[in-house]
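> Sharing a structure, written as structure tokens. Questions coming.
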Amino acid sequence: MSIAALRLSSQLPRAFRIIPVGRFHAHDGRPNGNWYLLPERGRMIAALANQNSRGLLIDFEHESLKKADAPEAGRAKALEWRDDGLYVTDASWTAEAKAMIAADKKRFISPVFHFNGATGEVLSLESIALTGDPALLGLTDLSQVAVASAVNSQQSSIEEPLINGMTARSREVYERAFGHSPEALAALHAEKPE
């Protein structure tokens, strides 16, 4: 692993979004691939997950759905509801996962959740996978967050003014990753399902 990759792996995010607020869909056109998550349910899912002292499993490519002894990529030790969705706020990563994210081999998050088949409402969260090809677009690209963290740590001696709680550089990275400003994305996802 290069020095740059080692630096990135030490900067891996501990907080990232796993399910957006409001309506969302799988980009691969799968049947029953339209869902929604409302704040009330998101808070309930976070509270339930936070009762697990071991944390929620993060595996590779959803392998834990196929075999009980699937290797772990990490653990989501705490979840939190925020204005734009459900977040992991305290993730730990294995050395293998860090290396894969730093090398851009597996850098996306893919949640496994249960949902109401008739309405599409997300009901509970089972696990999270580290993957190279997520079904949900617009979630956190972990390698981009790692790059931003590495850059920000190198520039930490420069004080930047905050705009709505984010530095200009953080806003730029956010907008590049999600294609919208935080305010525009929150407004977009604030629409309630019919």
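A note on labels: chains of the structure tokens are A, B, ... as shown, every chain counts residues from 1, and ligands are counted from 1 in their shown order.
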Among segment 15-150 of chain A, which residues carry a DSSP assignment of strand (DSSP E or B), reported as a ChimeraX atom specification?
/A:16-20,22-25,34-37,56-60,72-76,79-82,85-88,91-93,108-115,121-131,141
> Next, the residues of the selection above should be written as a compact mmCIF listing (two decimals), in the first residue's frame with N, CA and C atoms.

```
# COMPACT_ATOMS: atom_id res chain seq x y z
N PHE A 16 -21.39 8.47 8.38
CA PHE A 16 -21.83 8.50 6.99
C PHE A 16 -23.30 8.11 6.92
N ARG A 17 -23.97 8.58 5.87
CA ARG A 17 -25.40 8.32 5.69
C ARG A 17 -25.59 6.93 5.08
N ILE A 18 -26.60 6.19 5.60
CA ILE A 18 -26.87 4.85 5.08
C ILE A 18 -28.24 4.73 4.41
N ILE A 19 -29.21 5.56 4.82
CA ILE A 19 -30.53 5.56 4.16
C ILE A 19 -31.00 7.02 4.11
N PRO A 20 -31.40 7.49 2.92
CA PRO A 20 -31.87 8.87 2.82
C PRO A 20 -33.28 9.04 3.36
N GLY A 22 -37.16 10.37 3.08
CA GLY A 22 -38.13 10.47 2.00
C GLY A 22 -38.07 9.29 1.05
N ARG A 23 -38.50 9.54 -0.19
CA ARG A 23 -38.54 8.48 -1.21
C ARG A 23 -37.17 8.27 -1.83
N PHE A 24 -36.84 7.01 -2.12
CA PHE A 24 -35.61 6.67 -2.82
C PHE A 24 -35.83 5.36 -3.55
N HIS A 25 -34.93 5.04 -4.47
CA HIS A 25 -35.11 3.82 -5.27
C HIS A 25 -33.75 3.22 -5.64
N ASN A 34 -38.63 0.60 -4.85
CA ASN A 34 -39.00 1.97 -4.49
C ASN A 34 -39.41 1.98 -3.02
N TRP A 35 -38.72 2.80 -2.22
CA TRP A 35 -38.95 2.79 -0.79
C TRP A 35 -39.04 4.21 -0.26
N TYR A 36 -39.39 4.32 1.01
CA TYR A 36 -39.31 5.62 1.68
C TYR A 36 -39.03 5.41 3.16
N LEU A 37 -38.43 6.43 3.75
CA LEU A 37 -38.13 6.43 5.18
C LEU A 37 -38.50 7.79 5.74
N LEU A 56 -23.85 -2.77 14.77
CA LEU A 56 -24.45 -3.36 13.58
C LEU A 56 -23.33 -3.81 12.64
N LEU A 57 -23.49 -5.00 12.10
CA LEU A 57 -22.49 -5.57 11.20
C LEU A 57 -22.34 -4.76 9.92
N ILE A 58 -21.10 -4.53 9.53
CA ILE A 58 -20.76 -4.05 8.19
C ILE A 58 -19.97 -5.18 7.55
N ASP A 59 -20.50 -5.77 6.47
CA ASP A 59 -19.80 -6.88 5.82
C ASP A 59 -19.34 -6.45 4.43
N PHE A 60 -18.80 -7.38 3.67
CA PHE A 60 -18.39 -7.13 2.29
C PHE A 60 -19.45 -7.70 1.36
N GLU A 72 -16.05 -9.75 8.41
CA GLU A 72 -16.53 -8.41 8.74
C GLU A 72 -15.66 -7.36 8.08
N ALA A 73 -16.30 -6.28 7.64
CA ALA A 73 -15.58 -5.10 7.17
C ALA A 73 -15.47 -4.10 8.33
N GLY A 74 -16.41 -4.22 9.27
CA GLY A 74 -16.41 -3.31 10.42
C GLY A 74 -17.69 -3.42 11.20
N ARG A 75 -17.90 -2.44 12.08
CA ARG A 75 -19.10 -2.38 12.90
C ARG A 75 -19.58 -0.94 12.97
N ALA A 76 -20.89 -0.78 12.89
CA ALA A 76 -21.52 0.51 13.10
C ALA A 76 -21.94 0.55 14.56
N LEU A 79 -25.95 4.80 15.65
CA LEU A 79 -26.74 5.36 14.55
C LEU A 79 -27.46 6.60 15.06
N GLU A 80 -27.74 7.49 14.13
CA GLU A 80 -28.40 8.75 14.49
C GLU A 80 -29.27 9.21 13.33
N TRP A 81 -30.44 9.78 13.65
CA TRP A 81 -31.28 10.37 12.63
C TRP A 81 -30.87 11.83 12.45
N ARG A 82 -30.66 12.24 11.20
CA ARG A 82 -30.37 13.63 10.87
C ARG A 82 -31.40 14.10 9.85
N GLY A 85 -31.46 12.00 6.63
CA GLY A 85 -31.55 10.55 6.66
C GLY A 85 -30.91 9.90 7.87
N LEU A 86 -30.73 8.58 7.77
CA LEU A 86 -30.18 7.76 8.85
C LEU A 86 -28.67 7.64 8.65
N TYR A 87 -27.93 7.91 9.71
CA TYR A 87 -26.47 7.91 9.66
C TYR A 87 -25.87 6.91 10.64
N VAL A 88 -24.76 6.33 10.26
CA VAL A 88 -23.85 5.71 11.21
C VAL A 88 -23.00 6.86 11.72
N ALA A 91 -18.35 4.42 13.29
CA ALA A 91 -17.99 3.18 12.61
C ALA A 91 -16.55 2.80 12.93
N SER A 92 -16.34 1.50 13.06
CA SER A 92 -14.97 0.98 13.17
C SER A 92 -14.74 0.10 11.95
N TRP A 93 -13.51 0.07 11.44
CA TRP A 93 -13.19 -0.64 10.20
C TRP A 93 -12.06 -1.63 10.44
N PHE A 108 -18.36 2.08 -1.34
CA PHE A 108 -19.73 2.53 -1.16
C PHE A 108 -20.43 1.72 -0.08
N ILE A 109 -21.50 2.30 0.45
CA ILE A 109 -22.30 1.68 1.50
C ILE A 109 -23.60 1.18 0.89
N SER A 110 -24.05 0.01 1.33
CA SER A 110 -25.30 -0.57 0.86
C SER A 110 -26.04 -1.17 2.05
N PRO A 111 -27.16 -0.58 2.45
CA PRO A 111 -27.90 -1.10 3.60
C PRO A 111 -28.79 -2.29 3.23
N VAL A 112 -28.99 -3.18 4.18
CA VAL A 112 -29.98 -4.26 4.05
C VAL A 112 -31.09 -3.92 5.03
N PHE A 113 -32.29 -3.68 4.50
CA PHE A 113 -33.40 -3.28 5.36
C PHE A 113 -34.65 -4.07 4.99
N HIS A 114 -35.55 -4.17 5.96
CA HIS A 114 -36.85 -4.79 5.75
C HIS A 114 -37.84 -3.66 5.47
N PHE A 115 -38.82 -3.93 4.61
CA PHE A 115 -39.77 -2.90 4.23
C PHE A 115 -41.15 -3.50 4.03
N GLU A 121 -42.50 1.34 2.77
CA GLU A 121 -41.92 1.99 3.95
C GLU A 121 -40.83 1.11 4.55
N VAL A 122 -39.66 1.70 4.81
CA VAL A 122 -38.58 0.99 5.49
C VAL A 122 -39.00 0.76 6.92
N LEU A 123 -38.88 -0.51 7.39
CA LEU A 123 -39.33 -0.87 8.73
C LEU A 123 -38.18 -1.11 9.71
N SER A 124 -37.09 -1.71 9.23
CA SER A 124 -35.97 -2.02 10.11
C SER A 124 -34.70 -2.18 9.29
N LEU A 125 -33.58 -2.17 9.98
CA LEU A 125 -32.27 -2.28 9.34
C LEU A 125 -31.62 -3.57 9.83
N GLU A 126 -31.13 -4.38 8.90
CA GLU A 126 -30.51 -5.65 9.27
C GLU A 126 -28.99 -5.57 9.31
N SER A 127 -28.39 -5.02 8.28
CA SER A 127 -26.94 -4.91 8.22
C SER A 127 -26.57 -3.88 7.17
N ILE A 128 -25.28 -3.67 7.03
CA ILE A 128 -24.73 -2.73 6.06
C ILE A 128 -23.60 -3.45 5.34
N ALA A 129 -23.45 -3.18 4.06
CA ALA A 129 -22.35 -3.79 3.31
C ALA A 129 -21.44 -2.72 2.75
N LEU A 130 -20.19 -3.07 2.65
CA LEU A 130 -19.20 -2.29 1.92
C LEU A 130 -19.15 -2.92 0.53
N THR A 131 -19.38 -2.11 -0.50
CA THR A 131 -19.54 -2.67 -1.84
C THR A 131 -18.88 -1.80 -2.89
N ASP A 141 -19.68 8.20 -0.60
CA ASP A 141 -18.52 7.58 -1.22
C ASP A 141 -17.41 7.69 -0.18
```
> Using only C-alpha atoms, can you tell me which of A:His62, A:Ala95, A:Thr119, A:Pro39 comes closest to Pro134 of chain A?
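Counting only C-alpha atoms, the residue closest to Pro134 of chain A is A:His62.
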> Quick check, in Å to one decimal: how far apart do atom CA of Gly55 of chain A and atom CA of Leu38 of chain A lie?
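Atom CA of Leu38 of chain A lies at a distance of 22.6 Å from atom CA of Gly55 of chain A.
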> State, in Å with one decimal place, the distance from atom CA of Asp83 of chain A to atom CA of Ala49 of chain A.
18.4 Å
> If I take atom CA of Asp84 of chain A and atom CA of Val21 of chain A, how far is one from the other in Å, to one decimal?
5.3 Å
> Determine which residues of segment 14-107 of chain A receive a DSSP assignment of helix (DSSP H, G or I), computed from the backbone, and state them as a PyMOL selection string.
chain A and resi 39-49+63-65+95-102
> Counting only C-alpha atoms, which residue out of A:Leu142, A:Leu65, A:Gln51, A:Asp133 sits closest to Met100 of chain A?
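Closest residue, counting only C-alpha atoms: A:Leu142.
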> Identify which of the residues A:Gly42, A:Leu139, A:Glu63, A:Arg30 lies closest to Arg107 of chain A, counting only C-alpha atoms when measuring atom-to-atom distances.
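Using only C-alpha atoms, Arg107 of chain A sits closest to A:Leu139.
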> Choose the residue, out of A:Asn32, A:Ala70, A:Ala15, A:Ala102, that has the smallest atom-to-atom separation from Asp90 of chain A; count only C-alpha atoms.
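Going through A:Asn32, A:Ala70, A:Ala15, A:Ala102 one by one, the smallest distance to Asp90 of chain A is for A:Ala15.
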> Identify which of the residues A:Thr89, A:Asn52, A:Glu96, A:Lys106 lies closest to Pro71 of chain A, counting only C-alpha atoms when measuring atom-to-atom distances.
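The answer is A:Glu96, which sits nearest to Pro71 of chain A.
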